[in-house]
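With TSV, C-alpha atoms inside, this is work-v8.tsv:
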chain	number	residue	atom	x	y	z
A	1	MET	CA	-33.53	73.48	13.22
A	2	THR	CA	-36.86	72.18	11.91
A	3	ASP	CA	-39.81	71.00	13.98
A	4	GLY	CA	-39.18	67.50	15.27
A	5	ALA	CA	-35.44	68.00	15.72
A	6	HIS	CA	-34.50	68.31	19.36
A	7	SER	CA	-31.14	69.43	20.71
A	8	LEU	CA	-29.87	67.79	23.85
A	9	PRO	CA	-28.74	70.62	26.16
A	10	GLY	CA	-25.18	71.64	26.73
A	11	PRO	CA	-21.78	70.48	25.48
A	12	MET	CA	-20.90	66.81	25.82
A	13	PRO	CA	-17.50	66.14	27.39
A	14	GLY	CA	-15.92	62.71	27.41
A	15	PRO	CA	-16.02	59.97	24.79
A	16	MET	CA	-17.09	60.95	21.30
A	17	PRO	CA	-20.63	59.84	20.42
A	18	ARG	CA	-21.27	58.42	16.98
A	19	THR	CA	-21.75	61.07	14.31
A	20	VAL	CA	-24.92	59.29	13.16
A	21	ASP	CA	-26.91	56.74	15.14
A	22	TRP	CA	-30.38	55.24	15.60
A	23	SER	CA	-32.45	55.39	18.79
A	24	ALA	CA	-35.85	53.68	19.07
A	25	ASP	CA	-37.72	55.40	16.22
A	26	ARG	CA	-35.49	58.28	15.18
A	27	LEU	CA	-32.02	59.32	14.00
A	28	VAL	CA	-29.60	60.94	16.43
A	29	VAL	CA	-26.78	62.99	14.90
A	30	ILE	CA	-24.06	65.36	16.04
A	31	ASP	CA	-24.98	68.90	14.98
A	32	GLN	CA	-21.80	69.86	13.19
A	33	THR	CA	-22.94	73.45	12.67
A	34	LEU	CA	-22.41	74.03	16.42
A	35	LEU	CA	-18.82	72.78	16.53
A	36	PRO	CA	-16.26	73.52	17.86
A	37	ASP	CA	-18.12	75.53	20.52
A	38	HIS	CA	-20.70	72.88	21.41
A	39	LEU	CA	-20.84	69.12	20.98
A	40	ALA	CA	-24.59	68.49	20.92
A	41	LEU	CA	-26.86	65.79	19.58
A	42	VAL	CA	-29.95	66.44	17.48
A	43	GLU	CA	-32.88	64.07	17.07
A	44	LEU	CA	-34.37	63.73	13.58
A	45	ARG	CA	-37.96	62.48	13.74
A	46	THR	CA	-39.31	63.30	10.27
A	47	ILE	CA	-38.07	63.02	6.69
A	48	ASP	CA	-38.08	66.81	6.50
A	49	ASP	CA	-35.76	66.84	9.52
A	50	VAL	CA	-33.36	64.46	7.79
A	51	ILE	CA	-33.34	66.44	4.54
A	52	ASP	CA	-32.84	69.69	6.43
A	53	ALA	CA	-29.93	68.17	8.38
A	54	LEU	CA	-28.30	67.00	5.16
A	55	GLN	CA	-28.74	70.30	3.34
A	56	ARG	CA	-27.67	72.54	6.25
A	57	LEU	CA	-24.63	70.30	6.87
A	58	VAL	CA	-25.77	69.36	10.35
A	59	VAL	CA	-24.55	65.98	9.11
A	60	ARG	CA	-21.98	65.95	6.32
A	61	GLY	CA	-19.19	63.83	4.85
A	62	ALA	CA	-19.79	61.13	2.25
A	63	PRO	CA	-19.91	58.04	4.53
A	64	ALA	CA	-22.05	59.84	7.13
A	65	ILE	CA	-24.39	61.06	4.41
A	66	GLY	CA	-24.69	57.49	3.13
A	67	VAL	CA	-25.74	55.96	6.45
A	68	THR	CA	-28.03	58.92	7.10
A	69	GLY	CA	-29.80	58.17	3.83
A	70	ALA	CA	-30.14	54.52	4.83
A	71	LEU	CA	-31.52	55.40	8.25
A	72	GLY	CA	-33.81	57.95	6.60
A	73	VAL	CA	-35.48	55.17	4.61
A	74	ALA	CA	-35.85	53.17	7.82
A	75	LEU	CA	-37.46	56.23	9.41
A	76	ALA	CA	-39.86	56.48	6.47
A	77	THR	CA	-41.06	52.91	7.08
A	78	VAL	CA	-41.59	53.69	10.78
A	79	ILE	CA	-43.64	56.77	9.93
A	80	ALA	CA	-45.60	54.88	7.26
A	81	ARG	CA	-46.57	52.17	9.71
A	82	ARG	CA	-47.56	54.70	12.36
A	83	ASP	CA	-49.53	57.03	10.10
A	84	GLY	CA	-51.03	54.54	7.66
A	85	HIS	CA	-49.01	55.44	4.53
A	86	ASP	CA	-48.44	52.87	1.81
A	87	GLY	CA	-45.31	51.58	0.11
A	88	ASP	CA	-45.50	54.24	-2.61
A	89	TRP	CA	-45.22	56.90	0.10
A	90	VAL	CA	-42.08	55.25	1.45
A	91	ARG	CA	-40.54	55.18	-2.03
A	92	ALA	CA	-41.47	58.84	-2.59
A	93	GLN	CA	-39.73	59.83	0.65
A	94	ALA	CA	-36.71	57.78	-0.37
A	95	ALA	CA	-36.57	59.73	-3.64
A	96	ARG	CA	-36.63	63.00	-1.70
A	97	LEU	CA	-33.77	61.81	0.49
A	98	ARG	CA	-31.78	60.66	-2.53
A	99	ALA	CA	-32.01	64.11	-4.13
A	100	ALA	CA	-31.05	66.11	-1.01
A	101	ARG	CA	-27.32	66.34	-1.93
A	102	PRO	CA	-26.35	65.68	-5.56
A	103	THR	CA	-22.57	65.26	-5.51
A	104	ALA	CA	-21.87	62.66	-2.82
A	105	VAL	CA	-22.71	59.25	-4.30
A	106	ASN	CA	-22.96	57.65	-0.86
A	107	LEU	CA	-26.36	59.24	-0.23
A	108	ALA	CA	-27.96	57.46	-3.18
A	109	TRP	CA	-25.99	54.32	-2.29
A	110	GLY	CA	-27.36	54.25	1.26
A	111	VAL	CA	-30.95	54.94	0.21
A	112	ASP	CA	-30.87	52.38	-2.59
A	113	ARG	CA	-29.39	49.63	-0.41
A	114	VAL	CA	-32.23	49.79	2.09
A	115	LEU	CA	-34.85	50.06	-0.66
A	116	ALA	CA	-33.39	46.98	-2.32
A	117	ARG	CA	-33.47	45.09	0.97
A	118	LEU	CA	-37.10	46.06	1.48
A	119	ALA	CA	-37.99	44.89	-2.01
A	120	THR	CA	-36.71	41.41	-1.18
A	121	ILE	CA	-39.13	41.07	1.76
A	122	ASP	CA	-42.17	42.56	0.02
A	123	ASP	CA	-43.80	39.27	-0.93
A	124	ASP	CA	-46.79	40.71	-2.78
A	125	PRO	CA	-46.05	43.59	-5.18
A	126	ALA	CA	-49.80	44.26	-5.42
A	127	ASP	CA	-50.04	44.84	-1.66
A	128	PRO	CA	-49.92	48.64	-1.07
A	129	SER	CA	-48.91	48.32	2.59
A	130	PRO	CA	-45.38	49.51	3.45
A	131	PRO	CA	-42.64	46.91	3.92
A	132	GLY	CA	-41.48	45.97	7.40
A	133	ALA	CA	-39.97	48.72	9.49
A	134	GLU	CA	-38.05	46.24	11.64
A	135	ALA	CA	-36.21	44.86	8.63
A	136	ALA	CA	-35.33	48.35	7.41
A	137	ILE	CA	-34.06	49.42	10.82
A	138	SER	CA	-32.03	46.24	11.29
A	139	PHE	CA	-30.35	46.53	7.91
A	140	ALA	CA	-29.62	50.27	8.25
A	141	VAL	CA	-28.17	49.81	11.75
A	142	GLU	CA	-25.93	47.05	10.42
A	143	MET	CA	-24.58	49.64	7.96
A	144	LEU	CA	-23.47	51.79	10.91
A	145	ASP	CA	-21.21	49.06	12.27
A	146	ALA	CA	-20.02	48.20	8.77
A	147	ASP	CA	-18.95	51.82	8.22
A	148	VAL	CA	-16.80	51.74	11.35
A	149	ALA	CA	-15.12	48.48	10.28
A	150	THR	CA	-14.60	49.86	6.77
A	151	ASN	CA	-12.85	52.98	8.00
A	152	ARG	CA	-10.63	51.14	10.45
A	153	ALA	CA	-9.49	48.81	7.66
A	154	MET	CA	-8.89	51.76	5.33
A	155	ALA	CA	-6.89	53.58	8.00
A	156	ARG	CA	-4.57	50.63	8.55
A	157	LEU	CA	-4.06	50.04	4.83
A	158	GLY	CA	-3.56	53.75	4.20
A	159	ALA	CA	-1.09	54.25	7.04
A	160	ASP	CA	1.03	51.35	5.80
A	161	HIS	CA	1.00	52.76	2.28
A	162	VAL	CA	1.87	56.30	3.36
A	163	ARG	CA	4.87	55.02	5.31
A	164	SER	CA	6.06	53.27	2.16
A	165	ILE	CA	6.06	56.42	0.03
A	166	VAL	CA	7.39	59.21	2.29
A	167	PRO	CA	11.04	60.04	3.01
A	168	ASP	CA	10.88	59.47	6.77
A	169	PRO	CA	8.16	56.96	7.71
A	170	ALA	CA	8.73	57.61	11.41
A	171	ARG	CA	7.97	61.37	11.22
A	172	VAL	CA	5.23	61.90	8.63
A	173	ARG	CA	4.08	65.44	7.88
A	174	VAL	CA	0.57	65.64	6.41
A	175	LEU	CA	-1.59	68.32	4.82
A	176	THR	CA	-5.32	67.68	4.63
A	177	HIS	CA	-8.35	69.59	3.37
A	178	CYS	CA	-11.93	69.91	4.64
A	179	ASN	CA	-12.93	67.25	7.18
A	180	ALA	CA	-12.61	63.53	6.49
A	181	GLY	CA	-12.50	62.38	10.09
A	182	GLY	CA	-14.90	60.71	12.45
A	183	LEU	CA	-17.37	63.55	11.92
A	184	ALA	CA	-17.57	62.66	8.22
A	185	CYS	CA	-18.30	59.02	9.02
A	186	VAL	CA	-19.99	57.08	11.80
A	187	GLU	CA	-16.65	56.90	13.65
A	188	TRP	CA	-12.91	57.00	12.95
A	189	GLY	CA	-12.65	58.68	9.51
A	190	THR	CA	-11.24	58.19	6.02
A	191	ALA	CA	-8.32	60.56	5.32
A	192	LEU	CA	-8.17	61.58	8.97
A	193	GLY	CA	-8.51	57.92	9.87
A	194	ILE	CA	-5.15	57.34	8.18
A	195	VAL	CA	-3.73	60.29	10.13
A	196	ARG	CA	-5.12	58.79	13.32
A	197	ALA	CA	-3.53	55.42	12.58
A	198	LEU	CA	-0.16	57.09	11.94
A	199	HIS	CA	-0.52	58.98	15.22
A	200	ASP	CA	-1.46	55.85	17.16
A	201	ASP	CA	1.63	54.14	15.73
A	202	GLY	CA	3.84	57.04	16.85
A	203	HIS	CA	4.75	57.93	13.26
A	204	LEU	CA	2.98	61.27	12.84
A	205	HIS	CA	5.01	64.47	13.18
A	206	GLU	CA	2.58	67.26	12.27
A	207	VAL	CA	-0.65	67.97	10.39
A	208	PHE	CA	-1.52	71.10	8.44
A	209	ALA	CA	-5.30	71.51	8.20
A	210	ASP	CA	-6.66	73.87	5.55
A	211	GLU	CA	-9.35	76.14	7.00
A	212	THR	CA	-11.60	75.15	4.05
A	213	ARG	CA	-13.66	78.17	3.08
A	214	PRO	CA	-16.42	79.14	3.14
A	215	LEU	CA	-17.79	77.00	6.02
A	216	LEU	CA	-14.42	76.30	7.67
A	217	GLN	CA	-14.78	72.54	8.03
A	218	GLY	CA	-11.02	72.32	8.45
A	219	ALA	CA	-10.67	75.04	11.07
A	220	ARG	CA	-13.86	74.11	12.94
A	221	LEU	CA	-14.03	70.32	12.58
A	222	THR	CA	-10.70	68.81	11.54
A	223	ALA	CA	-8.73	70.94	13.99
A	224	TRP	CA	-11.23	70.01	16.72
A	225	GLU	CA	-10.76	66.31	15.99
A	226	LEU	CA	-6.98	66.65	15.88
A	227	ALA	CA	-6.99	68.48	19.20
A	228	ARG	CA	-9.07	65.70	20.78
A	229	MET	CA	-6.55	63.17	19.45
A	230	GLY	CA	-3.62	65.14	20.86
A	231	VAL	CA	-2.10	65.62	17.40
A	232	ASP	CA	0.34	68.49	16.80
A	233	HIS	CA	-1.34	70.56	14.09
A	234	ARG	CA	-1.56	73.98	12.52
A	235	VAL	CA	-4.49	75.54	10.65
A	236	VAL	CA	-3.59	77.33	7.42
A	237	VAL	CA	-5.73	79.52	5.19
A	238	ASP	CA	-6.66	77.84	1.93
A	239	GLY	CA	-4.57	80.28	-0.09
A	240	ALA	CA	-1.43	79.32	1.86
A	241	ALA	CA	-1.67	75.56	1.33
A	242	ALA	CA	0.24	75.47	-1.96
A	243	SER	CA	3.04	77.54	-0.43
A	244	VAL	CA	3.25	75.19	2.57
A	245	ILE	CA	3.71	72.34	0.10
A	246	ALA	CA	6.21	74.25	-2.04
A	247	ARG	CA	8.32	75.15	1.01
A	248	GLY	CA	8.94	71.46	1.70
A	249	MET	CA	6.92	71.41	4.92
A	250	VAL	CA	4.71	68.50	3.89
A	251	ASP	CA	5.50	64.88	2.96
A	252	VAL	CA	2.04	63.87	1.73
A	253	VAL	CA	-1.39	65.35	1.04
A	254	ILE	CA	-4.23	63.11	2.23
A	255	VAL	CA	-7.86	63.95	1.44
A	256	GLY	CA	-11.22	62.21	1.32
A	257	ALA	CA	-13.72	62.06	-1.55
A	258	ASP	CA	-17.42	62.55	-2.14
A	259	ARG	CA	-17.46	60.62	-5.42
A	260	VAL	CA	-14.83	58.78	-7.44
A	261	ALA	CA	-15.69	58.33	-11.12
A	262	ALA	CA	-15.07	55.09	-12.94
A	263	ASN	CA	-11.85	56.45	-14.47
A	264	GLY	CA	-10.50	57.59	-11.08
A	265	ASP	CA	-11.38	61.29	-11.24
A	266	VAL	CA	-12.15	62.51	-7.71
A	267	ALA	CA	-14.83	64.95	-6.54
A	268	ASN	CA	-14.04	66.46	-3.16
A	269	LYS	CA	-14.49	69.73	-1.28
A	270	ILE	CA	-13.72	72.83	-3.35
A	271	GLY	CA	-10.02	73.62	-3.07
A	272	THR	CA	-8.84	70.03	-3.42
A	273	TYR	CA	-7.78	70.32	-7.07
A	274	PRO	CA	-5.23	73.12	-6.40
A	275	LEU	CA	-3.64	70.93	-3.73
A	276	ALA	CA	-3.20	68.13	-6.24
A	277	LEU	CA	-1.55	70.53	-8.67
A	278	ALA	CA	0.76	71.84	-5.94
A	279	ALA	CA	1.67	68.32	-4.82
A	280	ALA	CA	2.47	67.28	-8.39
A	281	ARG	CA	4.67	70.35	-8.85
A	282	ALA	CA	6.50	69.64	-5.57
A	283	GLY	CA	6.84	65.94	-6.30
A	284	ILE	CA	5.04	64.73	-3.18
A	285	PRO	CA	2.26	62.11	-3.03
A	286	PHE	CA	-1.39	63.09	-3.24
A	287	VAL	CA	-3.45	60.34	-1.59
A	288	VAL	CA	-7.25	59.97	-1.64
A	289	ALA	CA	-8.97	57.84	1.00
A	290	ALA	CA	-12.50	56.70	0.21
A	291	PRO	CA	-14.56	53.57	0.85
A	292	GLU	CA	-15.53	51.32	-2.05
A	293	SER	CA	-19.08	52.71	-1.70
A	294	THR	CA	-17.80	56.11	-2.90
A	295	LEU	CA	-16.58	54.60	-6.19
A	296	ASP	CA	-19.27	55.15	-8.80
A	297	ALA	CA	-19.24	52.83	-11.81
A	298	ARG	CA	-22.17	54.71	-13.36
A	299	THR	CA	-20.20	57.96	-13.60
A	300	ALA	CA	-17.64	57.60	-16.38
A	301	THR	CA	-15.44	60.64	-15.66
A	302	GLY	CA	-15.32	63.71	-13.47
A	303	ASP	CA	-17.03	65.69	-16.23
A	304	ASP	CA	-20.19	63.70	-15.52
A	305	ILE	CA	-20.34	64.57	-11.79
A	306	ASP	CA	-23.09	66.98	-10.73
A	307	ILE	CA	-21.28	69.66	-8.74
A	308	GLU	CA	-23.46	71.22	-6.05
A	309	THR	CA	-23.71	75.00	-5.99
A	310	ARG	CA	-24.71	76.38	-2.60
A	311	ASP	CA	-26.24	79.62	-1.36
A	312	ASP	CA	-24.42	82.91	-1.98
A	313	ASP	CA	-24.71	83.90	1.67
A	314	GLU	CA	-22.26	81.18	2.73
A	315	VAL	CA	-19.61	83.31	0.97
A	316	LEU	CA	-20.97	86.83	1.37
A	317	VAL	CA	-22.22	86.71	4.97
A	318	TRP	CA	-20.40	85.72	8.16
A	319	ARG	CA	-22.35	85.19	11.39
A	320	GLY	CA	-25.17	87.36	10.15
A	321	GLN	CA	-22.93	90.22	8.99
A	322	ARG	CA	-22.59	91.02	5.29
A	323	ILE	CA	-18.87	91.10	4.39
A	324	ALA	CA	-19.19	92.00	0.70
A	325	PRO	CA	-20.92	94.93	-1.01
A	326	VAL	CA	-24.66	94.47	-1.45
A	327	GLU	CA	-24.12	94.60	-5.21
A	328	SER	CA	-21.84	91.54	-5.14
A	329	ARG	CA	-22.90	88.02	-6.00
A	330	ALA	CA	-21.03	84.79	-5.24
A	331	LEU	CA	-20.17	81.61	-7.08
A	332	ASN	CA	-20.30	79.06	-4.29
A	333	LEU	CA	-19.19	75.76	-5.79
A	334	ALA	CA	-19.17	73.16	-3.03
A	335	PHE	CA	-16.84	70.69	-4.77
A	336	ASP	CA	-14.21	70.41	-7.47
A	337	VAL	CA	-12.84	67.51	-9.50
A	338	THR	CA	-9.23	66.31	-9.40
A	339	PRO	CA	-8.20	64.35	-12.54
A	340	PHE	CA	-7.05	60.80	-11.87
A	341	ASP	CA	-3.53	61.39	-13.17
A	342	LEU	CA	-2.87	63.79	-10.27
A	343	VAL	CA	-3.89	61.17	-7.71
A	344	THR	CA	-0.85	59.21	-6.54
A	345	ALA	CA	-2.95	56.56	-4.83
A	346	LEU	CA	-6.56	55.81	-4.02
A	347	VAL	CA	-6.93	53.93	-0.72
A	348	THR	CA	-10.12	52.00	0.07
A	349	GLU	CA	-10.84	49.44	2.76
A	350	THR	CA	-9.66	46.63	0.47
A	351	ARG	CA	-6.96	47.98	-1.85
A	352	VAL	CA	-4.51	50.68	-2.89
A	353	VAL	CA	-4.71	51.78	-6.53
A	354	ARG	CA	-1.76	53.80	-7.86
A	355	LEU	CA	-3.63	55.95	-10.38
A	356	ALA	CA	-0.81	58.36	-11.28
A	357	ALA	CA	1.35	55.36	-12.19
A	358	GLY	CA	-1.11	54.52	-14.96
A	359	HIS	CA	-3.17	51.87	-13.17
A	360	ARG	CA	-6.83	51.91	-14.13
A	361	LEU	CA	-9.57	51.94	-11.56
A	362	GLN	CA	-11.79	48.85	-11.59
A	363	VAL	CA	-15.12	49.67	-9.94

Written as structure tokens, that's how I'd like the structure from this file.
Amino acid sequence: MTDGAHSLPGPMPGPMPRTVDWSADRLVVIDQTLLPDHLALVELRTIDDVIDALQRLVVRGAPAIGVTGALGVALATVIARRDGHDGDWVRAQAARLRAARPTAVNLAWGVDRVLARLATIDDDPADPSPPGAEAAISFAVEMLDADVATNRAMARLGADHVRSIVPDPARVRVLTHCNAGGLACVEWGTALGIVRALHDDGHLHEVFADETRPLLQGARLTAWELARMGVDHRVVVDGAAASVIARGMVDVVIVGADRVAANGDVANKIGTYPLALAAARAGIPFVVAAPESTLDARTATGDDIDIETRDDDEVLVWRGQRIAPVESRALNLAFDVTPFDLVTALVTETRVVRLAAGHRLQV
């Protein structure tokens, strides 16, 4: 944890706080690296704090990353006003935030939205003073509430669609990968939001959650969220997921996305592509849930997506203990790309696009 980030002591029982929020002059986020053992909040007071939180996956998940980027720009305007920096400094900090995670398009989307809003209130382009912090904060905080509304709408639309495409809509069996729940958003979730809606309706039978190597977002985070919801679930190792599908134990695979290219290709956590292949082989639906903000018109196909490669130690070291020979190196790709023709349906907050049926994505 960097200087300026302060953990609030002890686990936090009771209602779930927002994954990302704003308090006075700082960001407040759930430290997801401490879960499932501790539910703790961390305060981010500097731009370095925000970048560190993004890169260490203290905060993660495309929608959460997006609003964190937006709030980061608001934080930059607060700091600029306090310390006497000019508008160029704010824009430089925004560029640093934008580059913190390359694959998830929501980060750039969140940063750019607040910058654009600030540009509309900067009456004199020749004036070097930073734009208004109050306007930046107000707009970024509005994005928090908008994210919650977006995910609730997506969950309802997605649950209705899933019931329409599975054999028994009253007892749906789901496999999911990584974490696309409330922890990946401000609240509620994308893929896990659909699962939650099915559960609330009494139509969910069981969820299989891939462990999601190497950082175990499925075993640590998704399983934790499912347990809090009271959902019957089992954690499976990543290598077993295709067999679970092939054995007829799953009706639908539901995952989130970090970027959807203009043609419908989907970037998501590494290990997603094999699930799509297994689902296609087994003849079951493969559904992607992502807000419209994750659809990127500027990226033509999945081949154009910058796939983040992370540190070798995430693969070779576990809790400080080396688990591979010292001579070994790792290839730690954080994401993979699933071609659009393996995606049965893309669910957003406004529509369902049946990509595998030959429908083209309009971004």

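Counting all atoms listed in the file, the residue from A:His233, A:Arg101, A:His85, A:Arg113 that sits nearest to Leu175 (chain A) is A:His233.
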
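Around the point (-1.1, 66.8, -7.1), within 10 Å and counting all atoms listed in the file, we find these residues: Val252, Val253, Thr272, Tyr273, Pro274, Leu275, Ala276, Leu277, Ala278, Ala279, Ala280, Arg281, Ala282, Gly283, Ile284, Pro285, Phe286, Val287, Thr338, Pro339, Phe340, Asp341, Leu342, Val343, Thr344 and Ala356 of chain A.
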
- request: Just the residues within 9 Å of region 79-82 of chain A, please, counting all atoms listed in the file, with nothing from its chain fewer than 3 positions along; format it as a list in words.
  value: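 Answer for this query is Asp25, Arg45, Thr46, Ile47, Ala74, Leu75, Ala76, His85, Asp86, Gly87, Trp89, Val90, Ser129, Pro130, Pro131, Gly132 and Ala133 of chain A.
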
message: So that I can check the surroundings of region 235-243 of chain A, please list as a list in words every protein, DNA and RNA residue that reaches within 7 Å of it, counting only C-alpha atoms and ignoring chain neighbours fewer than 5 positions away.
response: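 Contacts, with the query itself left out: Phe208, Ala209, Asp210, Glu211, Thr212, Ala219, Leu275 and Ala278 of chain A.
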
task: Show which residues sit within 9 Å of His203 (chain A), as a list in words. Count all atoms listed in the file, and ignore same-chain residues fewer than 6 positions away.
output: Arg163, Pro169, Ala170, Arg171, Val172 and Ala197 of chain A

Arg56 (chain A) environment, 12 Å, all atoms listed in the file, sequence neighbours closer than 4 positions dropped, as a VMD selection string: chain A and resid 1 to 2 31 to 34 48 to 52 60 100 to 101 215 310 to 311 314

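Going from CA of Ala227 (chain A) over to CA of Val29 (chain A), you cover 21.0 Å.
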
- prompt: What does the distance between CA of Val315 (chain A) and CA of Thr294 (chain A) come to in Å, to one decimal place?
  reply: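 If I compute the distance from CA of Val315 (chain A) to CA of Thr294 (chain A), I get 27.5 Å.
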
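The space separating CA of Arg156 (chain A) from CA of Ala290 (chain A) comes to 13.0 Å.
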
Find the residues near Arg259 (chain A): any atom within 7 Å, counting only C-alpha atoms, skip ones fewer than 6 places away on the same chain, and give them as a compact mmCIF listing (two decimals) with C-alpha atoms, in the frame of the given file.
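Below is the file that was written, around_7.txt:
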# COMPACT_ATOMS: atom_id res chain seq x y z
CA THR A 103 -22.57 65.26 -5.51
CA ALA A 104 -21.87 62.66 -2.82
CA VAL A 105 -22.71 59.25 -4.30
CA VAL A 266 -12.15 62.51 -7.71
CA ALA A 267 -14.83 64.95 -6.54
CA THR A 294 -17.80 56.11 -2.90
CA LEU A 295 -16.58 54.60 -6.19
CA ASP A 296 -19.27 55.15 -8.80

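Using only C-alpha atoms, the nearest neighbour of Ala334 (chain A) within the list A:Asp306, A:Glu349, A:Asp265, A:Asp232 is A:Asp306.
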
- prompt: From the set A:Ala155, A:Ala92, A:Ile30, A:Ala136, which residue has the shortest atom-to-atom contact distance to Gly110 (chain A), counting all atoms listed in the file?
  reply: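 Smallest distance to Gly110 (chain A) is found for A:Ala136.
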
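Of the residues listed (A:Gly256, A:Gly158, A:Gly182, A:Gly271), A:Gly271 shows the shortest atom-to-atom separation from Pro214 (chain A); distances use all atoms listed in the file.
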
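Closest approach to Thr190 (chain A) among A:Val162, A:Met16, A:Ile254, A:Ala357 is made by A:Ile254 (distances from all atoms listed in the file).
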
- prompt: Between A:Glu43, A:Asp147, A:Asp251, A:Asp168, which has the minimum distance to Pro291 (chain A) (counting all atoms listed in the file)?
  reply: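 Closest to Pro291 (chain A) of all the choices is A:Asp147.
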
Padding 8 Å on each side, edges along x, y and z: where is the centre of the box around the listed atoms of region 210-221 of chain A, and how long are its edges in Å to one decimal? Output it as AutoDock Vina command-line options.
--center_x -12.2 --center_y 74.7 --center_z 8.0 --size_x 27.1 --size_y 24.8 --size_z 25.9

- request: Counting all atoms listed in the file, select every polymer residue within 9 Å of (-16.9, 69.5, -11.3) as defined in the file's coordinates, and provide the selection as a list of chain:residue names.
  value: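 Residues close enough to count: A:Ala267, A:Gly302, A:Asp303, A:Asp304, A:Ile305, A:Asp306, A:Ile307, A:Glu308, A:Leu333, A:Phe335, A:Asp336, A:Val337, A:Thr338.
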
Just to be explicit: take each residue in the selection above, keep C-alpha atoms, and write the result as a PDB file, in the frame of the given file.
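Result file part-v2.pdb:
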ATOM      1  CA  ALA A 267     -14.830  64.950  -6.540  1.00  0.00           C
ATOM      2  CA  GLY A 302     -15.320  63.710 -13.470  1.00  0.00           C
ATOM      3  CA  ASP A 303     -17.030  65.690 -16.230  1.00  0.00           C
ATOM      4  CA  ASP A 304     -20.190  63.700 -15.520  1.00  0.00           C
ATOM      5  CA  ILE A 305     -20.340  64.570 -11.790  1.00  0.00           C
ATOM      6  CA  ASP A 306     -23.090  66.980 -10.730  1.00  0.00           C
ATOM      7  CA  ILE A 307     -21.280  69.660  -8.740  1.00  0.00           C
ATOM      8  CA  GLU A 308     -23.460  71.220  -6.050  1.00  0.00           C
ATOM      9  CA  LEU A 333     -19.190  75.760  -5.790  1.00  0.00           C
ATOM     10  CA  PHE A 335     -16.840  70.690  -4.770  1.00  0.00           C
ATOM     11  CA  ASP A 336     -14.210  70.410  -7.470  1.00  0.00           C
ATOM     12  CA  VAL A 337     -12.840  67.510  -9.500  1.00  0.00           C
ATOM     13  CA  THR A 338      -9.230  66.310  -9.400  1.00  0.00           C
TER      14      THR A 338
END
